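Colleague: One file: work_3.cif (mmCIF, C-alpha atoms).
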```cif
data_target
loop_
_atom_site.label_atom_id
_atom_site.label_comp_id
_atom_site.auth_asym_id
_atom_site.auth_seq_id
_atom_site.Cartn_x
_atom_site.Cartn_y
_atom_site.Cartn_z
CA MET M 23 0.00 0.00 0.00
CA ARG M 24 1.30 3.44 -0.95
CA VAL M 25 0.05 6.45 0.96
CA GLY M 26 0.51 10.01 -0.23
CA SER M 27 -0.93 13.43 0.44
CA PHE M 28 -3.38 15.41 -1.69
CA VAL M 29 -2.44 19.10 -1.71
CA LEU M 30 -4.98 21.70 -2.82
CA ALA M 31 -3.19 24.82 -1.53
CA ALA M 32 -6.58 25.70 -0.07
CA GLN M 33 -7.17 29.31 0.96
CA PHE M 34 -9.14 29.33 4.19
CA PRO M 35 -11.12 32.41 5.32
CA GLY M 36 -8.84 35.16 6.55
CA GLN M 37 -5.78 33.75 4.80
CA GLY M 38 -3.82 35.16 1.88
CA GLU M 39 -2.88 33.23 -1.22
CA GLY M 40 0.80 33.27 -0.27
CA GLU M 41 0.00 31.64 3.05
CA ALA M 42 -1.94 28.88 1.32
CA LEU M 43 0.87 28.19 -1.14
CA HIS M 44 3.54 28.25 1.59
CA ARG M 45 1.55 25.66 3.54
CA ALA M 46 1.28 23.54 0.39
CA VAL M 47 5.03 23.58 -0.23
CA ARG M 48 5.90 22.99 3.40
CA SER M 49 3.47 20.08 3.75
CA ALA M 50 5.10 18.42 0.74
CA GLU M 51 8.56 18.80 2.23
CA VAL M 52 7.33 17.28 5.50
CA ALA M 53 5.69 14.45 3.54
CA GLU M 54 9.09 13.32 2.30
CA GLU M 55 10.55 13.57 5.82
CA ALA M 56 7.64 11.55 7.19
CA GLY M 57 8.05 8.72 4.68
CA LEU M 58 4.97 9.26 2.55
CA ASP M 59 5.07 7.86 -0.97
CA THR M 60 3.65 10.66 -3.13
CA VAL M 61 2.39 14.22 -3.08
CA TRP M 62 -0.53 14.83 -5.46
CA LEU M 63 -1.07 18.48 -6.47
CA ALA M 64 -4.42 19.96 -7.44
CA GLU M 65 -4.92 22.70 -10.02
CA HIS M 66 -7.58 25.43 -10.00
CA HIS M 67 -8.07 28.81 -11.62
CA PHE M 68 -9.53 32.02 -10.19
CA VAL M 69 -10.94 30.48 -6.97
CA PRO M 70 -9.77 30.21 -3.33
CA TYR M 71 -10.81 26.54 -3.29
CA GLY M 72 -7.26 25.94 -4.52
CA THR M 73 -4.66 28.61 -5.21
CA CYS M 74 -2.30 26.57 -7.43
CA PRO M 75 -3.03 27.45 -11.09
CA SER M 76 -0.39 25.09 -12.52
CA ALA M 77 0.10 21.73 -10.86
CA VAL M 78 2.93 20.84 -13.22
CA THR M 79 4.83 24.02 -12.28
CA LEU M 80 4.48 23.38 -8.57
CA ALA M 81 5.50 19.78 -9.21
CA ALA M 82 8.73 21.01 -10.78
CA LEU M 83 9.53 23.04 -7.67
CA LEU M 84 8.83 20.14 -5.32
CA LEU M 85 10.77 17.63 -7.40
CA GLY M 86 13.74 19.97 -7.09
CA ARG M 87 13.34 20.23 -3.32
CA THR M 88 12.95 16.50 -2.67
CA ARG M 89 15.04 13.43 -3.40
CA ARG M 90 12.81 10.39 -2.86
CA LEU M 91 9.21 11.59 -3.01
CA ARG M 92 7.08 10.95 -6.09
CA VAL M 93 5.17 14.07 -7.18
CA GLY M 94 1.99 13.93 -9.25
CA THR M 95 -0.66 16.26 -10.60
CA ALA M 96 -4.23 15.65 -9.44
CA VAL M 97 -5.01 16.91 -11.85
CA SER M 98 -3.69 18.94 -14.73
CA VAL M 99 -6.86 20.22 -16.46
CA LEU M 100 -6.40 19.07 -20.03
CA PRO M 101 -9.06 21.15 -21.86
CA THR M 102 -7.33 24.41 -20.87
CA VAL M 103 -3.86 23.52 -22.20
CA HIS M 104 -2.33 22.23 -25.43
CA PRO M 105 -1.64 18.51 -24.92
CA VAL M 106 1.75 18.73 -26.66
CA ALA M 107 2.87 21.59 -24.39
CA LEU M 108 1.82 19.59 -21.33
CA GLY M 109 3.45 16.47 -22.76
CA GLU M 110 6.74 18.31 -23.18
CA GLN M 111 6.60 19.51 -19.58
CA ALA M 112 5.78 16.01 -18.34
CA ALA M 113 8.65 14.50 -20.29
CA LEU M 114 11.04 17.12 -18.94
CA LEU M 115 10.03 16.43 -15.34
CA HIS M 116 10.18 12.67 -15.85
CA ILE M 117 13.72 12.83 -17.20
CA THR M 118 15.17 15.40 -14.82
CA SER M 119 13.62 13.84 -11.69
CA GLY M 120 14.80 10.32 -12.40
CA GLY M 121 11.27 9.07 -13.07
CA ARG M 122 9.58 10.51 -9.96
CA PHE M 123 6.79 12.37 -11.78
CA SER M 124 3.20 11.18 -12.33
CA LEU M 125 0.87 13.03 -14.69
CA GLY M 126 -2.72 13.05 -13.50
CA LEU M 127 -5.20 14.38 -16.06
CA GLY M 128 -8.80 15.51 -15.79
CA ARG M 129 -11.58 17.16 -17.75
CA GLY M 130 -12.20 19.86 -15.17
CA GLY M 131 -15.57 21.58 -15.19
CA PRO M 132 -17.66 23.95 -17.32
CA TRP M 133 -15.96 26.91 -15.70
CA VAL M 134 -14.99 30.34 -16.96
CA ASP M 135 -11.46 28.94 -17.36
CA LEU M 136 -12.58 27.70 -20.79
CA GLU M 137 -13.36 31.27 -21.84
CA VAL M 138 -10.18 32.80 -20.41
CA PHE M 139 -7.86 30.28 -22.04
CA GLY M 140 -9.77 30.25 -25.33
CA ALA M 141 -10.61 26.56 -25.25
CA GLY M 142 -14.39 26.97 -25.38
CA LEU M 143 -17.10 24.76 -23.96
CA GLU M 144 -16.66 22.15 -26.69
CA ALA M 145 -13.17 21.35 -25.40
CA TYR M 146 -14.79 20.35 -22.10
CA GLU M 147 -17.84 18.59 -23.48
CA LYS M 148 -16.33 16.72 -26.47
CA GLY M 149 -12.61 17.34 -26.80
CA PHE M 150 -11.11 15.41 -23.88
CA PRO M 151 -10.60 12.04 -25.67
CA GLU M 152 -8.76 13.66 -28.58
CA SER M 153 -6.53 15.68 -26.24
CA LEU M 154 -5.83 12.64 -24.06
CA ASP M 155 -4.86 10.45 -27.01
CA LEU M 156 -2.57 13.10 -28.44
CA LEU M 157 -0.85 13.58 -25.10
CA VAL M 158 -0.35 9.84 -24.54
CA ARG M 159 1.08 9.48 -28.05
CA TRP M 160 3.50 12.31 -27.29
CA LEU M 161 4.75 10.43 -24.24
CA ARG M 162 5.09 7.09 -26.04
CA GLU M 163 6.23 7.74 -29.65
CA PRO M 164 9.40 9.21 -31.22
CA SER M 165 7.48 11.62 -33.48
CA VAL M 166 3.89 12.80 -33.58
CA GLY M 167 1.51 14.48 -36.02
CA ALA M 168 -2.18 15.23 -35.66
CA ASP M 169 -5.21 15.37 -37.95
CA GLY M 170 -8.10 15.61 -35.53
CA GLU M 171 -11.05 17.94 -35.05
CA ARG M 172 -9.22 20.26 -32.70
CA TYR M 173 -5.51 19.64 -33.35
CA ARG M 174 -3.89 19.46 -36.78
CA PHE M 175 -0.17 19.71 -37.41
CA ARG M 176 2.59 18.05 -39.40
CA GLU M 177 4.67 15.31 -37.83
CA VAL M 178 7.37 16.63 -35.53
CA PRO M 179 10.02 14.91 -33.40
CA VAL M 180 9.40 14.46 -29.69
CA VAL M 181 12.17 16.31 -27.85
CA PRO M 182 13.03 15.38 -25.17
CA ARG M 183 11.77 11.82 -25.48
CA PRO M 184 10.63 10.43 -22.12
CA SER M 185 12.35 7.13 -22.92
CA GLU M 186 15.69 8.94 -22.78
CA SER M 187 15.41 9.04 -18.99
CA LEU M 188 18.15 7.06 -17.25
CA THR M 189 15.54 4.93 -15.47
CA GLU M 190 13.75 1.66 -16.10
CA THR M 191 10.46 3.42 -16.89
CA GLU M 192 10.01 4.61 -20.48
CA GLY M 193 7.83 7.57 -19.60
CA PRO M 194 5.83 9.24 -16.86
CA GLU M 195 2.86 7.45 -15.42
CA VAL M 196 -0.47 8.82 -16.70
CA VAL M 197 -3.54 8.70 -14.43
CA VAL M 198 -7.06 9.83 -15.38
CA ALA M 199 -9.55 11.38 -12.94
CA CYS M 200 -12.82 9.47 -13.35
CA THR M 201 -16.21 10.64 -12.14
CA SER M 202 -18.61 8.87 -14.50
CA PRO M 203 -19.02 5.56 -16.36
CA ALA M 204 -17.95 7.32 -19.56
CA SER M 205 -14.66 8.48 -18.09
CA VAL M 206 -14.05 5.04 -16.56
CA ARG M 207 -14.46 3.48 -19.99
CA LEU M 208 -12.18 6.10 -21.54
CA ALA M 209 -9.39 5.30 -19.09
CA ALA M 210 -9.91 1.52 -19.28
CA GLU M 211 -9.76 1.32 -23.07
CA ARG M 212 -6.36 3.03 -22.92
CA GLY M 213 -5.11 0.98 -19.97
CA LEU M 214 -4.70 4.09 -17.80
CA PRO M 215 -5.26 3.88 -14.03
CA MET M 216 -7.95 5.98 -12.40
CA LEU M 217 -7.94 8.69 -9.76
CA LEU M 218 -11.22 8.45 -7.83
CA GLY M 219 -12.59 11.40 -5.88
CA MET M 220 -12.97 11.88 -2.17
CA HIS M 221 -16.72 12.53 -2.45
CA ILE M 222 -17.57 8.84 -2.94
CA GLY M 223 -17.24 5.86 -0.64
CA ASP M 224 -15.80 2.37 -0.88
CA GLU M 225 -18.83 0.75 -2.50
CA GLU M 226 -18.94 3.18 -5.42
CA LYS M 227 -15.17 3.05 -5.86
CA ALA M 228 -15.28 -0.75 -5.94
CA GLU M 229 -17.97 -0.59 -8.63
CA MET M 230 -15.85 1.79 -10.71
CA VAL M 231 -12.80 -0.47 -10.42
CA ALA M 232 -14.90 -3.46 -11.51
CA LEU M 233 -16.30 -1.45 -14.44
CA TRP M 234 -12.76 -0.39 -15.43
CA ARG M 235 -11.65 -4.01 -15.49
CA ARG M 236 -14.63 -5.08 -17.62
CA HIS M 237 -14.00 -2.36 -20.19
CA ALA M 238 -10.25 -3.05 -20.20
CA ARG M 239 -10.83 -6.74 -20.89
CA ALA M 240 -13.43 -5.99 -23.57
CA SER M 241 -11.01 -3.68 -25.36
CA GLY M 242 -8.29 -6.32 -25.39
CA ARG M 243 -5.90 -4.88 -22.82
CA PRO M 244 -3.35 -7.46 -21.58
CA SER M 245 -4.38 -9.34 -18.45
CA GLY M 246 -1.13 -8.44 -16.70
CA GLU M 247 -1.72 -4.76 -17.34
CA ILE M 248 -5.25 -5.01 -15.95
CA HIS M 249 -4.02 -6.79 -12.83
CA ARG M 250 -1.19 -4.30 -12.25
CA ALA M 251 -3.28 -1.15 -12.72
CA ALA M 252 -2.58 1.02 -9.69
CA HIS M 253 -5.66 3.14 -9.18
CA VAL M 254 -5.59 6.02 -6.70
CA SER M 255 -8.24 6.80 -4.08
CA ALA M 256 -8.52 10.41 -2.90
CA GLY M 257 -9.66 11.07 0.64
CA VAL M 258 -9.27 13.16 3.78
CA CYS M 259 -7.05 12.33 6.73
CA GLN M 260 -7.02 14.00 10.13
CA ILE M 261 -5.32 12.34 13.08
CA ALA M 262 -5.91 12.96 16.78
CA ASP M 263 -5.83 10.99 20.00
CA ARG M 264 -9.65 10.88 19.95
CA ARG M 265 -11.90 10.59 16.91
CA THR M 266 -14.13 13.40 18.14
CA ASP M 267 -11.15 15.76 18.27
CA ALA M 268 -10.09 14.91 14.72
CA ALA M 269 -13.59 15.45 13.38
CA GLU M 270 -13.99 18.68 15.35
CA THR M 271 -10.83 20.08 13.78
CA LEU M 272 -12.26 19.55 10.30
CA LEU M 273 -15.79 20.64 11.18
CA LYS M 274 -14.45 23.96 12.51
CA ALA M 275 -12.27 24.78 9.50
CA MET M 276 -13.42 23.06 6.34
CA PRO M 277 -16.98 24.40 5.95
CA GLY M 278 -15.72 28.00 5.75
CA TRP M 279 -13.17 27.05 3.11
CA LEU M 280 -15.69 25.00 1.15
CA ARG M 281 -18.31 27.74 1.31
CA GLN M 282 -16.10 30.46 -0.14
CA GLY M 283 -14.21 28.12 -2.46
CA LEU M 284 -17.15 26.37 -4.10
CA ARG M 285 -19.19 29.57 -4.33
CA ALA M 286 -16.42 31.25 -6.32
CA HIS M 287 -16.74 28.85 -9.28
CA VAL M 288 -18.36 30.57 -12.28
CA THR M 289 -19.80 28.60 -15.20
CA VAL M 290 -18.72 29.61 -18.68
CA ASP M 291 -22.25 29.50 -20.12
CA GLY M 292 -24.30 30.70 -17.17
CA ARG M 293 -25.75 27.28 -16.42
CA GLN M 294 -27.18 26.84 -12.94
CA ARG M 295 -25.41 24.57 -10.51
CA GLN M 296 -26.21 23.35 -7.02
CA MET M 297 -23.50 23.87 -4.43
CA ARG M 298 -22.94 21.23 -1.78
CA ASP M 299 -23.86 22.14 1.77
CA PRO M 300 -20.40 22.79 3.29
CA LEU M 301 -21.15 21.39 6.75
CA ALA M 302 -22.94 18.29 5.46
CA TYR M 303 -20.14 17.65 2.99
CA THR M 304 -17.51 17.90 5.73
CA GLU M 305 -19.50 15.48 7.86
CA LEU M 306 -19.71 13.10 4.90
CA LEU M 307 -15.93 13.23 4.40
CA CYS M 308 -15.32 12.59 8.10
CA GLY M 309 -17.46 9.48 7.84
CA LEU M 310 -15.92 8.12 4.64
CA HIS M 311 -12.23 8.60 5.32
CA PRO M 312 -9.45 8.12 7.90
CA VAL M 313 -10.42 10.75 10.45
CA GLY M 314 -9.64 9.77 14.05
CA THR M 315 -6.99 7.91 16.02
CA PRO M 316 -3.95 6.40 14.28
CA ARG M 317 -5.42 2.93 14.73
CA LEU M 318 -8.74 3.96 13.25
CA CYS M 319 -7.01 5.64 10.31
CA ALA M 320 -4.92 2.56 9.57
CA ASP M 321 -7.97 0.31 9.80
CA ARG M 322 -9.98 2.59 7.52
CA LEU M 323 -7.27 2.66 4.86
CA ALA M 324 -6.82 -1.12 5.05
CA ALA M 325 -10.58 -1.66 4.78
CA THR M 326 -10.86 0.61 1.75
CA SER M 327 -8.01 -1.21 0.05
CA GLU M 328 -9.59 -4.59 0.76
CA ARG M 329 -13.05 -3.54 -0.42
CA THR M 330 -11.95 -1.75 -3.58
CA GLY M 331 -8.68 -3.35 -4.62
CA ILE M 332 -7.08 0.11 -4.61
CA SER M 333 -3.58 0.25 -3.17
CA ARG M 334 -2.71 3.95 -3.51
CA PHE M 335 -4.11 6.84 -1.54
CA ALA M 336 -4.01 10.62 -1.94
CA LEU M 337 -5.08 12.10 1.39
CA LEU M 338 -6.02 15.72 2.03
CA VAL M 339 -4.02 16.59 5.14
CA GLU M 340 -4.51 20.38 5.23
CA GLY M 341 -8.12 20.31 6.42
CA SER M 342 -7.31 22.26 9.58
CA GLY M 343 -6.18 25.23 7.50
CA ASP M 344 -3.26 25.76 9.87
CA LEU M 345 0.39 25.24 8.93
CA ALA M 346 1.60 23.85 12.26
CA ALA M 347 -1.41 21.53 12.55
CA THR M 348 -0.92 20.35 8.97
CA GLU M 349 2.75 19.54 9.60
CA GLU M 350 1.82 17.61 12.74
CA ASN M 351 -0.89 15.74 10.84
CA VAL M 352 1.56 14.67 8.13
CA ARG M 353 4.17 13.60 10.69
CA ARG M 354 1.66 11.51 12.62
CA LEU M 355 0.48 9.91 9.38
CA GLY M 356 4.05 8.85 8.69
CA ALA M 357 5.06 7.88 12.22
CA GLU M 358 1.86 6.36 13.62
CA VAL M 359 -0.27 5.15 10.71
CA LEU M 360 2.14 3.89 8.05
CA PRO M 361 3.89 1.40 10.40
CA GLN M 362 0.53 -0.17 11.25
CA LEU M 363 -0.29 -0.54 7.56
CA ALA M 364 3.06 -2.22 6.96
CA ARG M 365 2.21 -4.83 9.61
CA ASN M 366 -1.19 -5.65 8.09
#
```
So, in terms of structure tokens, how does the structure I just supplied come out?

Modeller:
Amino acid sequence: MRVGSFVLAAQFPGQGEGEALHRAVRSAEVAEEAGLDTVWLAEHHFVPYGTCPSAVTLAALLLGRTRRLRVGTAVSVLPTVHPVALGEQAALLHITSGGRFSLGLGRGGPWVDLEVFGAGLEAYEKGFPESLDLLVRWLREPSVGADGERYRFREVPVVPRPSESLTETEGPEVVVACTSPASVRLAAERGLPMLLGMHIGDEEKAEMVALWRRHARASGRPSGEIHRAAHVSAGVCQIADRRTDAAETLLKAMPGWLRQGLRAHVTVDGRQRQMRDPLAYTELLCGLHPVGTPRLCADRLAATSERTGISRFALLVEGSGDLAATEENVRRLGAEVLPQLARN
């Protein structure tokens, strides 16, 4: 089992953006010290829900500051960038980090980002498969050309080629955020592991893993590849000596962040959307994920792995909104939870 942190660089009420980003960087540094496997970095535009606008840029910084830790994007929003540009960045990080970079990709939402970056709503609604295929080709082939609906260009050499890395892996791992049966099928047909969100529980995640396997088999993916697929489960982790104290920490801080962060999202076409109730959502997360004593957290992670077949976790550890508390949370995860998982 591989346990990592999920870093949103969340801006809590009363905080500045610099404070949120400093906490994000510091929590990643502590994650390496504490023995965590990976730091997964979120990407958002124009909202305090997350203040990192470029997960791949922050990943570059953290790869330079760490020596062992794997760093991944969760996710780079593909409709707002050119897939070749992102592919070049991913290849660069893969090579220069010695293979420690994972590229998580997602469709994002129907947000004003699509207007600002000139992608348009169609890139979100229809263009993701074309962009994904072009990006994966860029990471796997020596030269690439395109003749699709959105991207058309003559064949050009891939420089630098990910396979030129002095490691055993030919290119960076690619993970796809999946929130629907359609996205599960998309990832499965390409043999790409899934990143599953923290808003769903074990039963739904198990169903999505089973659906992924069915689609992968139906599309002719090799059985070994299907068996080895390392899906990632996102969640929340807050550790305390009593479960009530851990939950109270999140219930005091997270609703304010969620309220201002989710409310700030603006749709590109004016469509109406229903915002989650911040308090009810925090309560849901506390019930679904490792929130409580170290023993409870270890048991919860082990149970999720057993029920779903998922062996990798990306855990939001900054739910308190406080730097010192976040550092302590990460250290306790490494010192008090990981050893129990190793014994299971």

Colleague: Starting from the shown file, work through the PyMOL selection byres ((chain M and resi 274) around 12) and note down what comes out as a short mmCIF file (atom, residue, chain, number, x, y, z; two decimals) with C-alpha atoms, keeping the file's coordinate frame.

Modeller:
```cif
data_model
loop_
_atom_site.label_atom_id
_atom_site.label_comp_id
_atom_site.auth_asym_id
_atom_site.auth_seq_id
_atom_site.Cartn_x
_atom_site.Cartn_y
_atom_site.Cartn_z
CA PHE M 34 -9.14 29.33 4.19
CA PRO M 35 -11.12 32.41 5.32
CA THR M 266 -14.13 13.40 18.14
CA ASP M 267 -11.15 15.76 18.27
CA ALA M 268 -10.09 14.91 14.72
CA ALA M 269 -13.59 15.45 13.38
CA GLU M 270 -13.99 18.68 15.35
CA THR M 271 -10.83 20.08 13.78
CA LEU M 272 -12.26 19.55 10.30
CA LEU M 273 -15.79 20.64 11.18
CA ALA M 275 -12.27 24.78 9.50
CA MET M 276 -13.42 23.06 6.34
CA PRO M 277 -16.98 24.40 5.95
CA GLY M 278 -15.72 28.00 5.75
CA TRP M 279 -13.17 27.05 3.11
CA LEU M 280 -15.69 25.00 1.15
CA PRO M 300 -20.40 22.79 3.29
CA LEU M 301 -21.15 21.39 6.75
CA THR M 304 -17.51 17.90 5.73
CA GLU M 305 -19.50 15.48 7.86
CA GLY M 341 -8.12 20.31 6.42
CA SER M 342 -7.31 22.26 9.58
CA GLY M 343 -6.18 25.23 7.50
CA ASP M 344 -3.26 25.76 9.87
#
```

Colleague: Skip range 187-195 of chain M itself and residues of its chain fewer than 5 positions away, then list as a count of residues only all residues within 12 Å of it, counting only C-alpha atoms.

Modeller: 41

Colleague: Which residues come within 12 Å of Ala325 in chain M, counting only C-alpha atoms, excluding same-chain residues fewer than 6 positions away, as a PyMOL selection string?

Modeller: chain M and resi 23+223-225+228+310-312+318-319+331-333+363+366

Colleague: Report as a ChimeraX atom specification all protein, DNA and RNA residues lying within 12 Å of Tyr173 in chain M, evaluated on all atoms listed in the file, omitting residues in the same chain fewer than 4 positions from it.

Modeller: /M:103-106,141,145,149-157,166-169,177

Colleague: Run the PyMOL selection byres ((chain M and resi 58-68) around 6) against the file shown and list the residues it catches, as a list in words.

Modeller: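 Taken on the displayed file, the PyMOL selection byres ((chain M and resi 58-68) around 6) yields the residues Arg24, Val25, Gly26, Ser27, Phe28, Val29, Leu30, Ala53, Glu54, Ala56, Gly57, Val69, Gly72, Cys74, Pro75, Ser76, Ala77, Leu91, Arg92, Val93, Gly94, Thr95, Ala96 and Val97 of chain M.
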
Colleague: As an exercise, work out the distance from CA of Val290 in chain M to CA of Asp135 in chain M in Å and give it to one decimal place.

Modeller: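 Those two atoms sit 7.4 Å apart.
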
Colleague: Between CA of Glu51 in chain M and CA of Thr348 in chain M, measure the distance and give it in Å to one decimal.

Modeller: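 About the pair CA of Glu51 in chain M and CA of Thr348 in chain M: they are 11.7 Å apart.
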
Colleague: Of the candidates M:Thr326, M:Leu338, M:Glu226, M:Arg298, which shows the shortest atom-to-atom distance to Ala256 in chain M, using only C-alpha atoms?

Modeller: M:Leu338

Colleague: Out of M:Gly246, M:Pro132, M:Pro316, M:Pro179, which residue has the shortest atom-to-atom distance to Val288 in chain M when counting all atoms listed in the file?

Modeller: M:Pro132

Colleague: Expand the PyMOL selection byres ((chain M and resi 133) around 10) into the explicit residue set it covers here, and present it as a short mmCIF file (atom, residue, chain, number, x, y, z; two decimals) with C-alpha atoms, in the frame of the given file.

Modeller:
```cif
data_model
loop_
_atom_site.label_atom_id
_atom_site.label_comp_id
_atom_site.auth_asym_id
_atom_site.auth_seq_id
_atom_site.Cartn_x
_atom_site.Cartn_y
_atom_site.Cartn_z
CA HIS M 67 -8.07 28.81 -11.62
CA PHE M 68 -9.53 32.02 -10.19
CA GLY M 130 -12.20 19.86 -15.17
CA GLY M 131 -15.57 21.58 -15.19
CA PRO M 132 -17.66 23.95 -17.32
CA VAL M 134 -14.99 30.34 -16.96
CA ASP M 135 -11.46 28.94 -17.36
CA LEU M 136 -12.58 27.70 -20.79
CA GLU M 137 -13.36 31.27 -21.84
CA VAL M 138 -10.18 32.80 -20.41
CA GLY M 142 -14.39 26.97 -25.38
CA LEU M 143 -17.10 24.76 -23.96
CA TYR M 146 -14.79 20.35 -22.10
CA HIS M 287 -16.74 28.85 -9.28
CA VAL M 288 -18.36 30.57 -12.28
CA THR M 289 -19.80 28.60 -15.20
CA VAL M 290 -18.72 29.61 -18.68
CA ASP M 291 -22.25 29.50 -20.12
CA GLY M 292 -24.30 30.70 -17.17
CA ARG M 293 -25.75 27.28 -16.42
#
```

Colleague: Mind giving me the straight-line distance from CA of Met297 in chain M to CA of Arg281 in chain M in Å, one decimal?

Modeller: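 About the pair CA of Met297 in chain M and CA of Arg281 in chain M: they are 8.7 Å apart.
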
Colleague: Kindly indicate which residue among M:Arg353, M:His237, M:Arg87, M:Arg365 lies nearest to Ala324 in chain M, using all atoms listed in the file for the distances.

Modeller: M:Arg365

Colleague: Between M:Ser202, M:Ser49, M:Asn351, M:Ser327, which has the minimum distance to Val313 in chain M (counting only C-alpha atoms)?

Modeller: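 Among M:Ser202, M:Ser49, M:Asn351, M:Ser327, it is M:Asn351 that comes nearest to Val313 in chain M.
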
Colleague: Between M:Ser185, M:Arg176, M:Ala31, M:Arg243, which has the minimum distance to Ala209 in chain M (counting only C-alpha atoms)?

Modeller: M:Arg243

Colleague: Nearest residue to Asp263 in chain M out of M:Gly314, M:Trp234, M:Pro101, M:Ala286, using all atoms listed in the file?

Modeller: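 Smallest separation from Asp263 in chain M among the options: M:Gly314.
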